[in-house]
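Chemist: Structure supplied as upload22.txt; contents: compact mmCIF, C-alpha atoms.
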```txt
# COMPACT_ATOMS: atom_id res chain seq x y z
CA ALA A 7 -7.02 -6.59 -48.54
CA LEU A 8 -10.09 -7.70 -46.70
CA GLN A 9 -13.34 -6.27 -48.03
CA GLN A 10 -15.80 -7.39 -45.37
CA GLN A 11 -16.13 -7.62 -41.65
CA GLN A 12 -14.11 -10.34 -40.00
CA GLN A 13 -14.47 -12.00 -36.63
CA GLN A 14 -11.47 -11.39 -34.41
CA GLN A 15 -10.57 -14.80 -33.05
CA PRO A 16 -9.20 -15.04 -29.49
CA GLY A 17 -6.31 -17.30 -30.51
CA ASP A 18 -2.79 -16.93 -29.23
CA GLY A 19 -1.71 -14.78 -32.17
CA GLY A 20 -4.64 -12.43 -31.74
CA ARG A 21 -4.02 -12.05 -28.03
CA ARG A 22 -0.34 -11.31 -28.27
CA SER A 23 0.10 -9.56 -31.62
CA PHE A 24 -1.86 -6.50 -30.51
CA LEU A 25 0.90 -5.76 -28.00
CA ALA A 26 3.20 -4.58 -30.79
CA ARG A 27 0.50 -2.23 -32.12
CA ALA A 28 -0.47 -0.71 -28.78
CA PRO A 29 0.50 2.89 -28.01
CA PRO A 30 3.40 3.28 -25.52
CA ALA A 31 1.14 4.68 -22.80
CA ALA A 32 -0.80 1.42 -22.80
CA ALA A 33 2.20 -0.74 -21.90
CA ALA A 34 1.33 -1.51 -18.27
CA VAL A 35 -2.10 -3.01 -18.83
CA VAL A 36 -1.41 -4.38 -22.31
CA SER A 37 1.66 -6.19 -21.02
CA THR A 38 -0.41 -7.65 -18.20
CA ILE A 39 -2.97 -9.02 -20.66
CA ALA A 40 -0.45 -10.15 -23.29
CA SER A 41 2.01 -11.69 -20.84
CA SER A 42 -0.12 -12.37 -17.80
CA SER A 43 2.51 -14.45 -16.02
CA SER A 44 4.84 -11.44 -15.71
CA SER A 45 5.28 -9.24 -12.67
CA SER A 46 3.27 -6.43 -14.30
CA SER A 47 0.09 -7.54 -12.53
CA PRO A 48 -0.83 -5.03 -9.82
CA SER A 49 0.55 -5.96 -6.41
CA SER A 50 -1.17 -3.21 -4.44
CA ALA A 51 -3.79 -0.51 -4.70
CA ALA A 52 -1.04 1.88 -5.84
CA HIS A 53 0.16 -0.45 -8.59
CA ALA A 54 -3.43 -0.93 -9.72
CA HIS A 55 -3.31 2.74 -10.68
CA ALA A 56 -0.61 2.29 -13.33
CA ALA A 57 1.37 5.50 -13.78
CA ASP A 58 0.83 5.62 -17.54
CA LEU A 59 -2.95 5.28 -17.34
CA THR A 60 -5.47 8.02 -16.61
CA PHE A 61 -8.32 6.70 -14.48
CA ALA A 62 -11.86 8.01 -14.32
CA THR A 63 -14.14 7.23 -11.38
CA SER A 64 -17.87 6.58 -11.44
CA SER A 65 -20.06 7.72 -8.55
CA THR A 66 -20.42 4.02 -7.75
CA GLY A 67 -16.70 3.80 -6.98
CA LEU A 68 -15.82 1.84 -10.13
CA GLN A 69 -12.60 3.14 -11.71
CA TRP A 70 -11.52 2.53 -15.28
CA ALA A 71 -8.76 3.39 -17.75
CA ASP A 72 -8.35 2.38 -21.37
CA ALA A 73 -4.95 0.99 -22.32
CA LYS A 74 -6.10 0.48 -25.90
CA VAL A 75 -9.33 1.68 -27.52
CA GLY A 76 -10.89 -0.83 -29.88
CA SER A 77 -13.11 -0.32 -32.92
CA GLY A 78 -16.40 -1.53 -34.29
CA ALA A 79 -19.74 -1.90 -32.55
CA PRO A 80 -19.90 -2.30 -28.76
CA PRO A 81 -21.79 -5.25 -27.26
CA SER A 82 -25.23 -4.66 -25.79
CA VAL A 83 -27.64 -6.51 -23.51
CA GLY A 84 -28.64 -9.83 -25.07
CA ASN A 85 -25.42 -10.16 -27.09
CA PRO A 86 -22.84 -12.90 -26.49
CA VAL A 87 -19.65 -11.44 -25.00
CA SER A 88 -16.15 -12.94 -25.08
CA ILE A 89 -13.22 -11.53 -23.11
CA ASP A 90 -9.76 -12.42 -21.91
CA TYR A 91 -8.93 -11.15 -18.45
CA VAL A 92 -6.28 -11.07 -15.77
CA MET A 93 -7.88 -11.07 -12.32
CA SER A 94 -5.95 -9.47 -9.48
CA THR A 95 -6.68 -8.07 -6.05
CA THR A 96 -5.56 -5.06 -4.05
CA GLY A 97 -5.74 -6.95 -0.75
CA ALA A 98 -3.48 -10.02 -0.93
CA ARG A 99 -0.36 -10.42 1.20
CA TYR A 100 1.42 -12.90 -1.06
CA GLY A 101 1.08 -11.39 -4.53
CA ALA A 102 -1.84 -9.83 -6.33
CA LYS A 103 -2.58 -12.04 -9.31
CA ILE A 104 -5.36 -14.59 -8.92
CA TYR A 105 -6.12 -16.00 -12.37
CA SER A 106 -5.66 -15.41 -16.10
CA THR A 107 -7.79 -16.76 -18.93
CA ILE A 108 -4.81 -16.31 -21.23
CA ASP A 109 -2.70 -18.71 -19.19
CA ALA A 110 -5.57 -21.18 -19.38
CA ASN A 111 -6.29 -20.50 -23.07
CA ALA A 112 -9.97 -20.21 -22.14
CA PRO A 113 -11.70 -16.85 -22.74
CA TYR A 114 -14.64 -16.01 -20.48
CA ARG A 115 -18.00 -15.91 -22.26
CA TRP A 116 -21.53 -14.95 -21.24
CA ILE A 117 -24.71 -13.34 -22.56
CA ALA A 118 -24.74 -9.68 -21.57
CA GLY A 119 -27.40 -8.96 -18.99
CA ASP A 120 -28.19 -12.59 -18.14
CA GLY A 121 -27.26 -12.19 -14.46
CA THR A 122 -24.29 -14.60 -14.52
CA THR A 123 -21.57 -11.94 -14.38
CA VAL A 124 -20.74 -9.43 -11.64
CA LYS A 125 -22.10 -5.96 -12.23
CA GLY A 126 -18.68 -4.29 -12.24
CA VAL A 127 -17.47 -6.37 -15.19
CA GLU A 128 -20.68 -5.78 -17.16
CA MET A 129 -20.48 -2.04 -16.48
CA ALA A 130 -16.84 -2.04 -17.61
CA VAL A 131 -17.60 -3.86 -20.88
CA LEU A 132 -21.08 -2.60 -21.79
CA GLY A 133 -20.64 0.90 -20.40
CA VAL A 134 -23.22 3.04 -18.62
CA GLY A 135 -25.15 5.59 -20.66
CA ALA A 136 -26.35 9.08 -19.90
CA GLY A 137 -29.75 7.71 -18.96
CA ALA A 138 -28.40 5.47 -16.20
CA ASP A 139 -30.52 5.03 -13.12
CA LYS A 140 -28.30 6.29 -10.31
CA ASP A 141 -30.76 5.00 -7.71
CA LYS A 142 -29.84 1.51 -8.89
CA GLY A 143 -26.14 2.22 -8.50
CA ASP A 144 -25.30 2.77 -12.16
CA GLY A 145 -23.61 6.11 -11.45
CA ALA A 146 -21.82 8.32 -13.98
CA ILE A 147 -21.36 7.69 -17.68
CA ILE A 148 -18.88 4.94 -18.56
CA PRO A 149 -18.13 4.46 -22.27
CA PRO A 150 -18.55 0.91 -23.59
CA MET A 151 -15.56 -1.12 -24.69
CA LEU A 152 -15.09 -1.74 -28.40
CA PRO A 153 -13.77 -4.98 -29.96
CA GLY A 154 -10.02 -5.26 -29.60
CA GLY A 155 -9.95 -2.78 -26.73
CA VAL A 156 -8.07 -3.30 -23.45
CA ARG A 157 -9.34 -1.75 -20.22
CA ARG A 158 -8.25 -1.89 -16.59
CA VAL A 159 -11.05 -1.61 -14.05
CA ILE A 160 -10.89 -1.42 -10.27
CA ILE A 161 -14.14 -2.81 -8.91
CA PRO A 162 -15.40 -2.19 -5.37
CA SER A 163 -17.00 -5.11 -3.52
CA LYS A 164 -20.56 -3.83 -3.98
CA LEU A 165 -20.10 -4.24 -7.75
CA GLY A 166 -18.13 -7.47 -7.41
CA TYR A 167 -18.42 -10.61 -5.28
CA GLU A 168 -20.07 -9.19 -2.17
CA SER A 169 -22.94 -11.68 -2.46
CA LEU A 170 -20.51 -14.63 -2.32
CA ALA A 171 -19.28 -13.62 1.14
CA ARG A 172 -22.65 -13.49 2.85
CA PRO A 173 -22.65 -15.82 5.87
CA ILE A 174 -24.49 -19.12 5.64
CA SER A 175 -25.39 -20.84 8.89
CA GLY A 176 -22.71 -23.39 9.78
CA MET A 177 -20.50 -22.56 6.78
CA GLN A 178 -17.40 -20.41 6.40
CA TYR A 179 -17.48 -20.52 2.61
CA GLN A 180 -20.32 -20.60 0.13
CA ASP A 181 -20.19 -23.11 -2.70
CA CYS A 182 -19.05 -20.54 -5.25
CA GLN A 183 -17.50 -22.79 -7.86
CA GLU A 184 -17.93 -21.84 -11.49
CA GLY A 185 -21.60 -22.05 -12.43
CA LYS A 186 -22.79 -21.76 -8.82
CA GLY A 187 -22.28 -18.04 -8.35
CA VAL A 188 -21.83 -14.86 -10.34
CA GLY A 189 -18.74 -14.99 -12.52
CA PRO A 190 -16.11 -14.90 -13.61
CA ILE A 191 -14.82 -17.49 -11.14
CA PRO A 192 -11.54 -19.40 -11.67
CA PRO A 193 -12.20 -23.07 -12.49
CA ALA A 194 -11.79 -25.32 -9.45
CA GLU A 195 -9.89 -27.97 -11.41
CA GLU A 196 -7.10 -25.77 -12.79
CA GLY A 197 -3.67 -25.29 -11.25
CA THR A 198 -1.97 -27.37 -8.59
CA ALA A 199 -4.73 -28.70 -6.31
CA GLY A 200 -7.07 -26.03 -7.64
CA GLU A 201 -4.79 -23.23 -6.43
CA TYR A 202 -6.45 -20.46 -8.47
CA TYR A 203 -9.92 -21.23 -7.24
CA GLN A 204 -8.70 -21.65 -3.65
CA ARG A 205 -7.00 -18.27 -3.80
CA PHE A 206 -10.15 -16.66 -5.18
CA LYS A 207 -12.31 -18.39 -2.56
CA ASN A 208 -10.14 -17.31 0.36
CA ILE A 209 -10.39 -13.67 -0.69
CA TYR A 210 -13.83 -13.25 -2.26
CA CYS A 211 -15.93 -16.16 -1.00
CA ASN A 212 -15.07 -16.06 2.68
CA ALA A 213 -17.71 -14.99 5.19
CA ASN A 214 -15.06 -14.72 7.94
CA ARG A 215 -13.07 -12.10 6.07
CA PRO A 216 -13.86 -8.67 7.56
CA TYR A 217 -13.93 -6.94 4.17
CA GLN A 218 -13.50 -7.65 0.47
CA PRO A 219 -10.61 -5.81 -1.21
CA ASP A 220 -11.11 -4.12 -4.55
CA LEU A 221 -10.99 -6.41 -7.57
CA VAL A 222 -8.63 -5.42 -10.41
CA MET A 223 -9.48 -6.72 -13.87
CA ASP A 224 -7.45 -6.21 -17.05
CA ILE A 225 -9.92 -6.98 -19.82
CA LYS A 226 -9.57 -7.47 -23.57
CA LEU A 227 -12.84 -7.57 -25.52
CA TYR A 228 -13.27 -9.74 -28.59
CA GLY A 229 -15.77 -9.10 -31.38
CA LYS A 230 -16.16 -7.83 -34.92
CA ARG A 231 -13.88 -5.18 -36.33
CA THR A 232 -14.45 -3.27 -39.56
CA ALA A 233 -12.55 -4.25 -42.70
CA ALA A 234 -10.70 -0.92 -42.68
CA THR A 235 -9.49 -1.56 -39.15
CA VAL A 236 -8.32 -5.06 -39.99
CA GLN A 237 -6.39 -3.76 -43.03
CA SER A 238 -4.67 -0.99 -41.09
CA ALA A 239 -3.59 -3.44 -38.40
CA GLN A 240 -1.82 -5.71 -40.88
```
Give the structure from this file in structure tokens form.
Modeler:
Amino acid sequence: ALQQQQQQQPGDGGRRSFLARAPPAAAAVVSTIASSSSSSSPSSAAHAHAADLTFATSSTGLQWADAKVGSGAPPSVGNPVSIDYVMSTTGARYGAKIYSTIDANAPYRWIAGDGTTVKGVEMAVLGVGAGADKDKGDGAIIPPMLPGGVRRVIIPSKLGYESLARPISGMQYQDCQEGKGVGPIPPAEEGTAGEYYQRFKNIYCNANRPYQPDLVMDIKLYGKRTAATVQSAQ
């Protein structure tokens, strides 16, 4: 028995073992996160709304559903955040999935509130409280994620990569490689000839595209869980 708080490590066992403990209703999103190379990634706007998930919608247009509720303390502004995600889109002709940190064995990390991550992802992870400033686009209350939790979010362009598609004189694409624009952005060097980044760029970093489709993110949050939670999971 563990008597103190433990850090949940984002290793392969931690990522995949929670699948067996997830409630049946969580299967669609949990399977996407745990086995991101499968066909369970959403292939359209309809599939993004998995039948066994109940979505809520913020006044901003952000939609979210919890496949698995975590435990422990939620992250807050100024805290380091670590997540695994599967990035998909509702507007691709040749399949929806863009990139998975699980496939790459490289969780996405940032400091909450530091401006490096799109607003929709931060809202999904940190939540939006009752005192949110609706004039700034925060909208209705969104509960924060807790460590070990899995959430699917459907993010409209205004809360996603809209800034990366703004035209620049003489350029069709901005230089939106990782570290040069708000993240998360698939690494340019991964895949065959950087296929993941190229796919992302063609959809979300393309000034010639008439609109940006909604972004679908299946997110698992890492962090500290209480000793009681760790014991019950064993």
Chemist: So which residues are close to (-10.6, -4.5, -10.0), meaning at most 9 Å away in the file's coordinates with all atoms listed in the file counted, and can you show them as a list of chain:residue names?
Modeler: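 Output: A:Ala54, A:Leu68, A:Gln69, A:Trp70, A:Met93, A:Ser94, A:Thr95, A:Thr96, A:Gly126, A:Val127, A:Arg158, A:Val159, A:Ile160, A:Ile161, A:Pro162, A:Gly166, A:Pro219, A:Asp220, A:Leu221, A:Val222, A:Met223, A:Asp224.
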Chemist: Using Å and a single decimal, report how far atom CA of A:Gly121 sits from atom CA of A:Pro86.
Modeler: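 Between atom CA of A:Pro86 and atom CA of A:Gly121 the gap is 12.8 Å.
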Chemist: Work out how far atom CA of A:Ala71 is from atom CA of A:Tyr202, in Å to one decimal.
Modeler: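 If I compute the distance from atom CA of A:Tyr202 to atom CA of A:Ala71, I get 25.7 Å.
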Chemist: With distances taken over only C-alpha atoms, which of A:Gly200, A:Pro190, A:Leu170, A:Leu132 is nearest to A:Asn214?
Modeler: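 Selected residue with least distance to A:Asn214: A:Leu170.
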Chemist: Would you place a box with edges along x, y and z of the file around all atoms of stretch 99-118 of chain A listed there, add 4 Å to each of its six sides, and report the centre and edge lengths in Å to one decimal, as JSON?
Modeler:
```
{"center_x": -11.7, "center_y": -15.4, "center_z": -10.9, "size_x": 34.2, "size_y": 19.5, "size_z": 32.3}
```
Chemist: Please list as a ChimeraX atom specification every residue within 7 Å of A:Gly155, counting all atoms listed in the file and excluding residues in the same chain fewer than 6 positions away.
Modeler: /A:74-76,226-227
Chemist: Please indicate the distance in Å from atom CA of A:Val134 to atom CA of A:Pro149, rounded to one decimal place.
Modeler: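 Computing it gives 6.4 Å between the two atoms.
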Chemist: Using only C-alpha atoms, pick whichever of A:Gly67, A:Tyr114, A:Lys103, A:Arg157 has the shortest atom-to-atom distance to A:Arg205.
Modeler: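 Of the candidates, the smallest distance to A:Arg205 is held by A:Lys103.
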Chemist: If I put a ball of radius 9 Å at (-14.4, -13.3, -1.2) in the file's coordinates, which residues poke into it when counting all atoms listed in the file, written as JSON, numbers by chain?
Modeler: {"A": [163, 167, 168, 169, 170, 171, 179, 206, 207, 208, 209, 210, 211, 212, 213, 215, 217, 218, 219]}
Chemist: From the options A:Ser82, A:Ser77, A:Ser65, A:Ser88, which residue's atoms come nearest to A:Thr107, counting all atoms listed in the file?
Modeler: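 Going through A:Ser82, A:Ser77, A:Ser65, A:Ser88 one by one, the smallest distance to A:Thr107 is for A:Ser88.
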Chemist: Pick from A:Asp72, A:Asp58, A:Asp90, A:Asp109: nearest to A:Met151, with only C-alpha atoms counted?
Modeler: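 Between A:Asp72, A:Asp58, A:Asp90, A:Asp109, the residue approaching A:Met151 most closely is A:Asp72.
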Chemist: Which residue gives the smallest distance to A:Asn111 among A:Glu128, A:Gly97, A:Tyr91, A:Gly135, with all atoms listed in the file counted?
Modeler: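 Among the listed residues, A:Tyr91 lies closest to A:Asn111.
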Chemist: Which residue out of A:Val92, A:Ile191, A:Gly84, A:Phe61 has the minimum interatomic distance to A:Gly119 when all atoms listed in the file are used?
Modeler: A:Gly84
